[in-house]
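Enquirer: Below is the structure I would like to discuss, written out as structure tokens.
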Amino acid sequence: MPDRPVELAAERIVVSGLVQAVGFRPFVWRVARRLGLRGTVCNLGDRVEILVTGPEAARDALVAALWSGPPRARVLAVARQPDLYDGGPGFEIVPSVAGGVSAGIVADLATCPACLEEIRSPAARRHGYAFTNCVDCGPRFSIVSGFPYDRARTTMAGFALCASCRAEYDDPTDRRFHAQPIACPACGPRLRFVGPGAGSEGEAALTAAASLLLSGGIVAVKGIGGYHLACLATSDAAVALLRARKGRLAKPLAVMMRDAAMLEAFCRPSAAERQLLADPAAPVVPVATRADAPLSAGLAPGLDRLGVMLAYTPLHALLLARVGAPLVMSSGNLSGCPQVTDDAAALRDLAGIADGWLMHDRPIARRLDDSVMAVVDGQPRVLRRGRGLAPEPLTLPPGFAAAPPVLAMGADLKAAFCLTRNGQALLSHHMGNLDDAGVADALLAALADYRALFAQAPAVVAVDAHPDYRSHALGRRLAAEAGLRVETVWHHHAHVAACMAEHGLPADGRAVVGLALDGAGLGQDGTVWGGEVLVCDYRAARRVGRLAPVAMPGGDVAAREPWRMLLAHLDATLEPDGTDAAVARGLAPALAGRPLPVLRAMIRAGVNAPACSSAGRLFDAMAALLDVAPARMSYEGEAAMRLEALARGADQAADSAPFGLRTRDGLAEIDPAAMWRAALRDRGDGVAPARISASFHAGLAGAFAELARRTAQVEGLDTVALSGGAMHNAVLAETLAVRLRAAGLRVLLPVRAPAGDGGLALGQAAVAAARMLEGV
């Protein structure tokens with residue numbers, strides 16, 4: 001009988017974190033071999049396990065290297081314990097072991113420079129191949145169907161590797177070693193074009209799509225997480241046609257650039273924006289365009305920034321190279337419906353919009369809209385979490401690891417849910433608005449998908465306190481079906497708690513001053529809030545200040561028709577006779593010809609005119625005064641975004657508009673009456689609207705900063721957390737941050753979770769978890 005292998009003193013090293021689909025095992029293999037170590041490495045679903053023997057100094061060096069890992073890895077813990085090794089003389093990668101994943105999988109990665117060079121090189125085997133990728137780039141979350149992350153558990157399972165690809169896949173020295181989406185023209189996915197004339201495949205499909213685009217047509221392009229609707233961004237006619245067919249009247253359209261050279265030819269990004277655009281997440285980033293750039297005026301009506309992204313797949317890069325001009329890449333869906341991912345649905349649902357379809361035969365495992373990020377206050381911040389960011393986890397602050405798992409349902413607008421487990425928060429990708437057709441079903445399907453993939457079984461369901469929210473009802477239904485506890489969380493408390501959580505404030509830490517500024521959310525007194533100063537810890541929030549409330553004539557309709565809020569604010573300041581005089585002088589043309597007596601009767605009777613303290617509605621009213629708001633908004637935030645763009649266009653620094661500070665009903669209150677009088681006076685004096693807008697932003701920021709400073713002084717606090725959708729306004733957020741820091745306060749702004757409702761679920765989860773820890 002052969003001799004038994006000799007058992008050697010060894011240790012077992014377990015690495016937890018974001019270690020799936022990032023080339024972690026090949027990384028360990030290379031480091032261990034370089035250090036002369038023996039042993040094995042394998043995936044265990046939610047972690048990587050290493051059994052290693054060799055000199056202690058070499059093992060210590062391996063562990064030190066593990067903390068950095070390959071570029072896209074995020075190591076959360078490295079555990080070491082003694083063991084024995086009786087294997088072979090080298091260091092090997094051994095087969096994975098099935099298991100759940102609690103820390104997540106890496107998001108989809110933009111094409112790396114090496115793969116881009118390869119598809120452009122005529123001598124390369126993958127020249128012109130639209131599905132080229134390696135361990136450093138390509139689809140990940142959009143194709144995975146199970147864990148551990150191996151090819152058999154992705155939508156690439158149906159594409160058997162050819163001999164050449166298999167050799168690369170099996171070679172630890174190759175950059176495609178265990179790259180699960182690996183493919184080439186001989187064995188991988190293939191393009192297909194459906195449209196005018198005969199169908200085509202491969203390179204001919206790209207040529208047909210480019211030809212249609214260059215002729216002014218619209219092409220549905222199958223991407224990583226769903227279909228886009230593409231057209232020439234330089235053609236007014238093509239952009240107008242896309243808007244008309246899709247029913248997208250004014251909402252900004254994202255534009256894709258071929259590369260950095262094309263970006264610079266059409267736009268003026270800052271250094272920080274260039275860096276963000278080149279990130280492997282490849283988000284859409286709002287940037288300034290060049291005045292002489294031949295871009296369609298219809299891309300972002302009324303705005304001074306255009307949302308752009310760089311081509312993030314070989315397919316996009318090849319298509320843009322053929323077209324030679326920027327392309328609109330708008331979500332491929334019927335207006336108000338989720339993005340299309342299925343080929344048959346694309347042919348059916350987009351038939352009235354697209355003139356042709358550029359398709360491929362690799363299935364999409366889950367829908368992922370493009371992420372949106374912006375540089376605000378000098379740092380990249382997430383505005384919409386989607387492809388390239390989800391599902392990478394957020395580490396919860398100290399003290400939360402012992403909390404039971406939580407499912408938080410988020411809000412109705414910009415819906416996203418959050419799962420927590422073992423001190424990690426998994427904030428989902430953007431789902432859409434739950435009032436839109438099909439979005440609620442899509443959210444429930446995504447929730448089941450996430451829970452299955454990440455093996456999460458919640459002990460409590462957190463919901464917004466508003467009983468009429470669809471997310472509230474869905475959460476209660478899920479809790480009732482599973483016999484789970486329900487935690488209701490006030491809307492603005494959740495906003496502030498989300499900011500606290502991502503900045504690592506401990507579960508039992510001190511309270512902060514929270515500035516929660518948004519459009520609307522149910523307040524603890526039963527009224528509509530949206531301009532709040534709170535004192536918050538994770539378990540509770542206490543309101544200490546607010547924006548002075550005014551009526552919302554018409555209720556929810558006032559959130560869509562800014563002139564209604566202008567009437568309410570001017571009447572509250574001037575009385576109706578004063579407002580009528582201003583209209584007669586031409587100072588408020590948005591109110592001319594409106595049914596003012598009817599709305600005033602509603603306000604007097606208190607019928608369908610609820611009081612609100614909303615910063616968002618104040619922005620709407622000012623936008624209406626300055627004639628940059630439409631009579632009826634076609635998308636949420638339209639008036640405020642136009643007002644922000646107007647402020648950035650001011651030709652000189654503006655003085656701060658006057659806002660009063662007073663006490664009413666036991667609360668500190670910001671009174672905008674003096675601001676409205678000053679704005680009307682400036683209108684009469686012919687002051688430029690841009691300067692009035694800049695003055696308004698500066699004054700409002702100054703008033704909230706002063707109220708926060710006073711609150712911090714009275715409460716003995718030193719930290720202010722800024723949150724709510726108004727913090728997506730860079731002019732407001734940056735001015736607030738500067739004023740607060742000047743007052744000696746620490747300022748927290750959301751970074752990885754959206755400040756608006758897209759990040760609300762993270763705050764709900766943190767609040768519910770903290771209450772569970774305390775046993776509330």
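Ligands are numbered from 1 in the order shown, chains are lettered A, B, ... in the order of the structure tokens, and residues start at 1 in each chain.
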As a VMD selection string, please: every residue in segment 212-368 of chain A that a backbone DSSP assignment puts in strand (DSSP E).
Expert: chain A and resid 219 to 222 227 to 232 255 to 257 285 to 287 306 to 310 327 to 331 356 to 360
Enquirer: Okay, now the selection with N, CA and C atoms, as a JSON list (two decimals), in the first residue's frame?
Expert:
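Wrote result01.json, looks like this:
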[["chain", "number", "residue", "atom", "x", "y", "z"],
["A", 219, "VAL", "N", -33.18, 52.33, -31.85],
["A", 219, "VAL", "CA", -32.82, 50.92, -31.73],
["A", 219, "VAL", "C", -32.92, 50.49, -30.28],
["A", 220, "ALA", "N", -33.59, 49.39, -30.02],
["A", 220, "ALA", "CA", -33.62, 48.78, -28.69],
["A", 220, "ALA", "C", -32.38, 47.91, -28.56],
["A", 221, "VAL", "N", -31.51, 48.24, -27.61],
["A", 221, "VAL", "CA", -30.22, 47.56, -27.44],
["A", 221, "VAL", "C", -30.26, 46.76, -26.14],
["A", 222, "LYS", "N", -30.00, 45.47, -26.23],
["A", 222, "LYS", "CA", -29.97, 44.62, -25.05],
["A", 222, "LYS", "C", -28.64, 44.79, -24.34],
["A", 227, "TYR", "N", -32.91, 46.25, -21.51],
["A", 227, "TYR", "CA", -32.85, 46.93, -22.79],
["A", 227, "TYR", "C", -32.76, 48.45, -22.61],
["A", 228, "HIS", "N", -32.00, 49.07, -23.51],
["A", 228, "HIS", "CA", -32.01, 50.52, -23.66],
["A", 228, "HIS", "C", -32.70, 50.87, -24.96],
["A", 229, "LEU", "N", -33.21, 52.09, -25.04],
["A", 229, "LEU", "CA", -33.67, 52.67, -26.29],
["A", 229, "LEU", "C", -32.64, 53.70, -26.70],
["A", 230, "ALA", "N", -32.01, 53.48, -27.85],
["A", 230, "ALA", "CA", -30.90, 54.31, -28.30],
["A", 230, "ALA", "C", -31.28, 55.12, -29.52],
["A", 231, "CYS", "N", -30.76, 56.33, -29.59],
["A", 231, "CYS", "CA", -30.87, 57.15, -30.78],
["A", 231, "CYS", "C", -29.70, 58.13, -30.79],
["A", 232, "LEU", "N", -29.50, 58.84, -31.88],
["A", 232, "LEU", "CA", -28.41, 59.81, -31.98],
["A", 232, "LEU", "C", -28.65, 60.97, -31.03],
["A", 255, "VAL", "N", -26.94, 59.94, -21.83],
["A", 255, "VAL", "CA", -26.18, 59.86, -23.08],
["A", 255, "VAL", "C", -24.91, 59.04, -22.83],
["A", 256, "MET", "N", -24.61, 58.13, -23.76],
["A", 256, "MET", "CA", -23.42, 57.30, -23.65],
["A", 256, "MET", "C", -22.35, 57.80, -24.61],
["A", 257, "MET", "N", -21.13, 57.94, -24.06],
["A", 257, "MET", "CA", -19.97, 58.33, -24.86],
["A", 257, "MET", "C", -19.10, 57.11, -25.12],
["A", 285, "VAL", "N", -23.35, 60.17, -14.83],
["A", 285, "VAL", "CA", -22.88, 61.30, -14.02],
["A", 285, "VAL", "C", -23.32, 62.61, -14.68],
["A", 286, "PRO", "N", -24.00, 63.50, -13.96],
["A", 286, "PRO", "CA", -24.35, 64.80, -14.54],
["A", 286, "PRO", "C", -23.10, 65.67, -14.69],
["A", 287, "VAL", "N", -22.86, 66.16, -15.91],
["A", 287, "VAL", "CA", -21.70, 67.01, -16.18],
["A", 287, "VAL", "C", -22.13, 68.18, -17.07],
["A", 306, "LEU", "N", -25.88, 67.46, -18.18],
["A", 306, "LEU", "CA", -26.33, 66.32, -18.97],
["A", 306, "LEU", "C", -25.82, 65.05, -18.31],
["A", 307, "GLY", "N", -26.69, 64.07, -18.11],
["A", 307, "GLY", "CA", -26.27, 62.79, -17.54],
["A", 307, "GLY", "C", -25.56, 61.96, -18.59],
["A", 308, "VAL", "N", -24.27, 61.69, -18.38],
["A", 308, "VAL", "CA", -23.49, 60.93, -19.36],
["A", 308, "VAL", "C", -22.85, 59.73, -18.68],
["A", 309, "MET", "N", -22.53, 58.74, -19.48],
["A", 309, "MET", "CA", -21.78, 57.57, -19.03],
["A", 309, "MET", "C", -20.88, 57.13, -20.17],
["A", 310, "LEU", "N", -19.83, 56.42, -19.81],
["A", 310, "LEU", "CA", -18.95, 55.85, -20.82],
["A", 310, "LEU", "C", -19.44, 54.46, -21.20],
["A", 327, "LEU", "N", -24.66, 58.52, -28.13],
["A", 327, "LEU", "CA", -25.99, 57.93, -28.27],
["A", 327, "LEU", "C", -26.80, 58.13, -26.98],
["A", 328, "VAL", "N", -28.06, 58.49, -27.15],
["A", 328, "VAL", "CA", -29.00, 58.41, -26.04],
["A", 328, "VAL", "C", -29.12, 56.95, -25.64],
["A", 329, "MET", "N", -29.10, 56.69, -24.33],
["A", 329, "MET", "CA", -29.35, 55.34, -23.82],
["A", 329, "MET", "C", -30.40, 55.46, -22.72],
["A", 330, "SER", "N", -31.65, 55.45, -23.14],
["A", 330, "SER", "CA", -32.77, 55.58, -22.22],
["A", 330, "SER", "C", -33.31, 54.20, -21.87],
["A", 331, "SER", "N", -33.84, 54.07, -20.67],
["A", 331, "SER", "CA", -34.37, 52.79, -20.22],
["A", 331, "SER", "C", -35.39, 52.25, -21.22],
["A", 356, "GLY", "N", -35.80, 49.04, -34.61],
["A", 356, "GLY", "CA", -35.00, 47.82, -34.74],
["A", 356, "GLY", "C", -34.50, 47.38, -33.38],
["A", 357, "TRP", "N", -34.06, 46.13, -33.30],
["A", 357, "TRP", "CA", -33.62, 45.54, -32.03],
["A", 357, "TRP", "C", -32.24, 44.92, -32.21],
["A", 358, "LEU", "N", -31.28, 45.33, -31.38],
["A", 358, "LEU", "CA", -29.97, 44.71, -31.34],
["A", 358, "LEU", "C", -29.96, 43.79, -30.13],
["A", 359, "MET", "N", -30.04, 42.48, -30.38],
["A", 359, "MET", "CA", -30.27, 41.50, -29.33],
["A", 359, "MET", "C", -29.10, 40.53, -29.24],
["A", 360, "HIS", "N", -29.12, 39.73, -28.18],
["A", 360, "HIS", "CA", -28.16, 38.62, -28.07],
["A", 360, "HIS", "C", -28.81, 37.49, -27.29]]
Enquirer: Among segment 182-413 of chain A, which ones does DSSP place in alpha helix (DSSP H), written as a PyMOL selection string?
Expert: chain A and resi 203-214+236-246+260-266+271-277+314-323+343-349
Enquirer: Please measure the separation of atom CA of Asn333 of chain A and atom CA of Asn433 of chain A, giving the value in Å to one decimal.
Expert: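 One can read the atom CA of Asn333 of chain A to atom CA of Asn433 of chain A distance as 13.7 Å.
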Enquirer: Show me, as an mmCIF file with N, CA, C and O atoms, in the first residue's frame, the residues that have an atom within 6 Å of Gly386 of chain A when counting only C-alpha atoms, minus same-chain residues fewer than 6 positions from it.
Expert:
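Here's the written file part.cif:
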data_model
loop_
_atom_site.group_PDB
_atom_site.id
_atom_site.type_symbol
_atom_site.label_atom_id
_atom_site.label_comp_id
_atom_site.auth_asym_id
_atom_site.auth_seq_id
_atom_site.Cartn_x
_atom_site.Cartn_y
_atom_site.Cartn_z
ATOM 1 N N LEU A 368 -31.547 45.517 -13.956
ATOM 2 C CA LEU A 368 -30.703 46.488 -13.266
ATOM 3 C C LEU A 368 -30.651 47.769 -14.093
ATOM 4 O O LEU A 368 -30.046 47.796 -15.164
ATOM 5 N N ASP A 369 -31.301 48.816 -13.606
ATOM 6 C CA ASP A 369 -31.178 50.120 -14.249
ATOM 7 C C ASP A 369 -29.769 50.661 -14.027
ATOM 8 O O ASP A 369 -29.073 50.275 -13.085
ATOM 9 N N ASP A 370 -29.360 51.595 -14.864
ATOM 10 C CA ASP A 370 -28.059 52.224 -14.689
ATOM 11 C C ASP A 370 -28.031 53.015 -13.381
ATOM 12 O O ASP A 370 -29.014 53.674 -13.012
ATOM 13 N N SER A 371 -26.908 52.963 -12.697
ATOM 14 C CA SER A 371 -26.724 53.773 -11.502
ATOM 15 C C SER A 371 -26.491 55.227 -11.903
ATOM 16 O O SER A 371 -25.989 55.513 -12.991
ATOM 17 N N HIS A 429 -31.253 47.323 -5.595
ATOM 18 C CA HIS A 429 -31.196 48.274 -6.691
ATOM 19 C C HIS A 429 -32.531 49.004 -6.825
ATOM 20 O O HIS A 429 -33.547 48.588 -6.274
ATOM 21 N N HIS A 430 -32.512 50.088 -7.553
ATOM 22 C CA HIS A 430 -33.686 50.927 -7.806
ATOM 23 C C HIS A 430 -34.770 50.118 -8.528
ATOM 24 O O HIS A 430 -34.498 49.432 -9.511
#
Enquirer: Using only C-alpha atoms, which protein or nucleic acid residues come within 6 Å of Ile670 of chain A? Drop anything in the same chain fewer than 6 positions from it, and give the result as a PDB file with N, CA, C and O atoms, in the first residue's frame.
Expert:
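Saved result, out.pdb, follows:
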ATOM      1  N   LEU A 547     -39.687  74.165   8.603  1.00  0.00           N
ATOM      2  CA  LEU A 547     -40.049  75.226   7.693  1.00  0.00           C
ATOM      3  C   LEU A 547     -41.514  75.572   7.970  1.00  0.00           C
ATOM      4  O   LEU A 547     -42.331  74.667   8.217  1.00  0.00           O
ATOM      5  N   ALA A 548     -41.838  76.848   7.959  1.00  0.00           N
ATOM      6  CA  ALA A 548     -43.214  77.256   8.257  1.00  0.00           C
ATOM      7  C   ALA A 548     -44.191  76.557   7.316  1.00  0.00           C
ATOM      8  O   ALA A 548     -44.021  76.596   6.100  1.00  0.00           O
ATOM      9  N   GLY A 660     -36.785  84.525   8.028  1.00  0.00           N
ATOM     10  CA  GLY A 660     -36.939  84.794   9.454  1.00  0.00           C
ATOM     11  C   GLY A 660     -36.845  83.528  10.284  1.00  0.00           C
ATOM     12  O   GLY A 660     -37.098  82.419   9.794  1.00  0.00           O
ATOM     13  N   LEU A 661     -36.473  83.684  11.548  1.00  0.00           N
ATOM     14  CA  LEU A 661     -36.477  82.587  12.515  1.00  0.00           C
ATOM     15  C   LEU A 661     -37.340  83.000  13.689  1.00  0.00           C
ATOM     16  O   LEU A 661     -37.159  84.090  14.260  1.00  0.00           O
TER      17      LEU A 661
END
Enquirer: Which of these residues is nearest to Ala209 of chain A, using only C-alpha atoms: A:Asp537, A:Asp682, A:Asp355, A:Asp304?
Expert: A:Asp355
Enquirer: Applying 12 Å and only C-alpha atoms, which residues near Phe24 of chain A remain after dropping the ones on its own chain fewer than 3 positions away? List them as number ranges by chain.
Expert: A: 15-21, 27-31, 41-43, 47-50, 65-75, 93, 105-106, 135-136, 149, 172, 177-179
Enquirer: Find the residues around Asp671 of chain A up to 10 Å (only C-alpha atoms counted), leave out those fewer than 4 positions away in its own chain, and share them as a CSV table (one decimal) with C-alpha atoms, in the first residue's frame.
Expert:
chain,number,residue,atom,x,y,z
A,546,ARG,CA,-39.4,73.1,10.7
A,547,LEU,CA,-40.0,75.2,7.7
A,548,ALA,CA,-43.2,77.3,8.3
A,549,PRO,CA,-46.2,75.2,7.0
A,573,THR,CA,-47.1,86.3,2.9
A,658,PRO,CA,-33.7,86.9,4.1
A,659,PHE,CA,-35.5,84.2,6.0
A,660,GLY,CA,-36.9,84.8,9.5
A,661,LEU,CA,-36.5,82.6,12.5
A,662,ARG,CA,-39.2,82.4,15.1
A,663,THR,CA,-40.8,80.1,17.6
A,675,MET,CA,-37.7,86.1,1.2
A,676,TRP,CA,-40.9,86.3,-0.8
A,700,LEU,CA,-32.5,78.8,2.7
A,703,ALA,CA,-31.5,79.6,7.7
Enquirer: Hey, which of A:Trp563, A:Ala590, A:Gly514, A:Arg683 ends up closest to Arg746 of chain A? Count only C-alpha atoms.
Expert: A:Gly514
Enquirer: Counting only C-alpha atoms, which residue out of A:Met633, A:Ala297, A:Leu191, A:Leu484 sits closest to Pro404 of chain A?
Expert: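 Among the listed residues, A:Leu484 lies closest to Pro404 of chain A.
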Enquirer: List the spatial neighbours of Leu748 of chain A as a PyMOL selection string - criterion: any atom at most 8 Å away, only C-alpha atoms, same-chain residues fewer than 2 positions off excluded.
Expert: chain A and resi 499-500+503+719-722+746+750
Enquirer: Write out the residues from the selection above, keeping C-alpha atoms, as a PDB file, in the first residue's frame.
Expert:
ATOM      1  CA  CYS A 499     -27.130  58.833   6.773  1.00  0.00           C
ATOM      2  CA  MET A 500     -26.045  57.950  10.317  1.00  0.00           C
ATOM      3  CA  HIS A 503     -21.235  56.920   8.296  1.00  0.00           C
ATOM      4  CA  THR A 719     -22.802  66.385  14.399  1.00  0.00           C
ATOM      5  CA  VAL A 720     -25.377  67.279  11.744  1.00  0.00           C
ATOM      6  CA  ALA A 721     -26.704  64.629   9.331  1.00  0.00           C
ATOM      7  CA  LEU A 722     -28.127  65.921   6.043  1.00  0.00           C
ATOM      8  CA  ARG A 746     -19.262  67.798  11.840  1.00  0.00           C
ATOM      9  CA  PRO A 750     -25.070  60.442   2.220  1.00  0.00           C
TER      10      PRO A 750
END
Enquirer: Looking at A:Ala609, A:Ile692, A:Ala351, A:Ala601, which one is nearest to Ala679 of chain A, with distances taken over only C-alpha atoms?
Expert: A:Ile692
Enquirer: Between A:Ala365, A:Ala705, A:Val94, A:Ala623, which is the closest to Ala645 of chain A once you count only C-alpha atoms?
Expert: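 Smallest separation from Ala645 of chain A among the options: A:Ala623.
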Enquirer: Which residue out of A:Asp435, A:Asp412, A:Asp571, A:Glu561 has the minimum interatomic distance to Gly637 of chain A when only C-alpha atoms are used?
Expert: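 The closest residue to Gly637 of chain A is A:Glu561.
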Enquirer: Mind pulling up the distance from atom CA of His728 of chain A to atom CA of Gln339 of chain A?
Expert: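 So the answer is 23.6 Å.
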Enquirer: So the first atom is atom CA of Gln764 of chain A and the second is atom CA of Ala494 of chain A; what is the distance between them in Å, to one decimal place?
Expert: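 According to the coordinates, atom CA of Gln764 of chain A and atom CA of Ala494 of chain A are separated by 5.1 Å.
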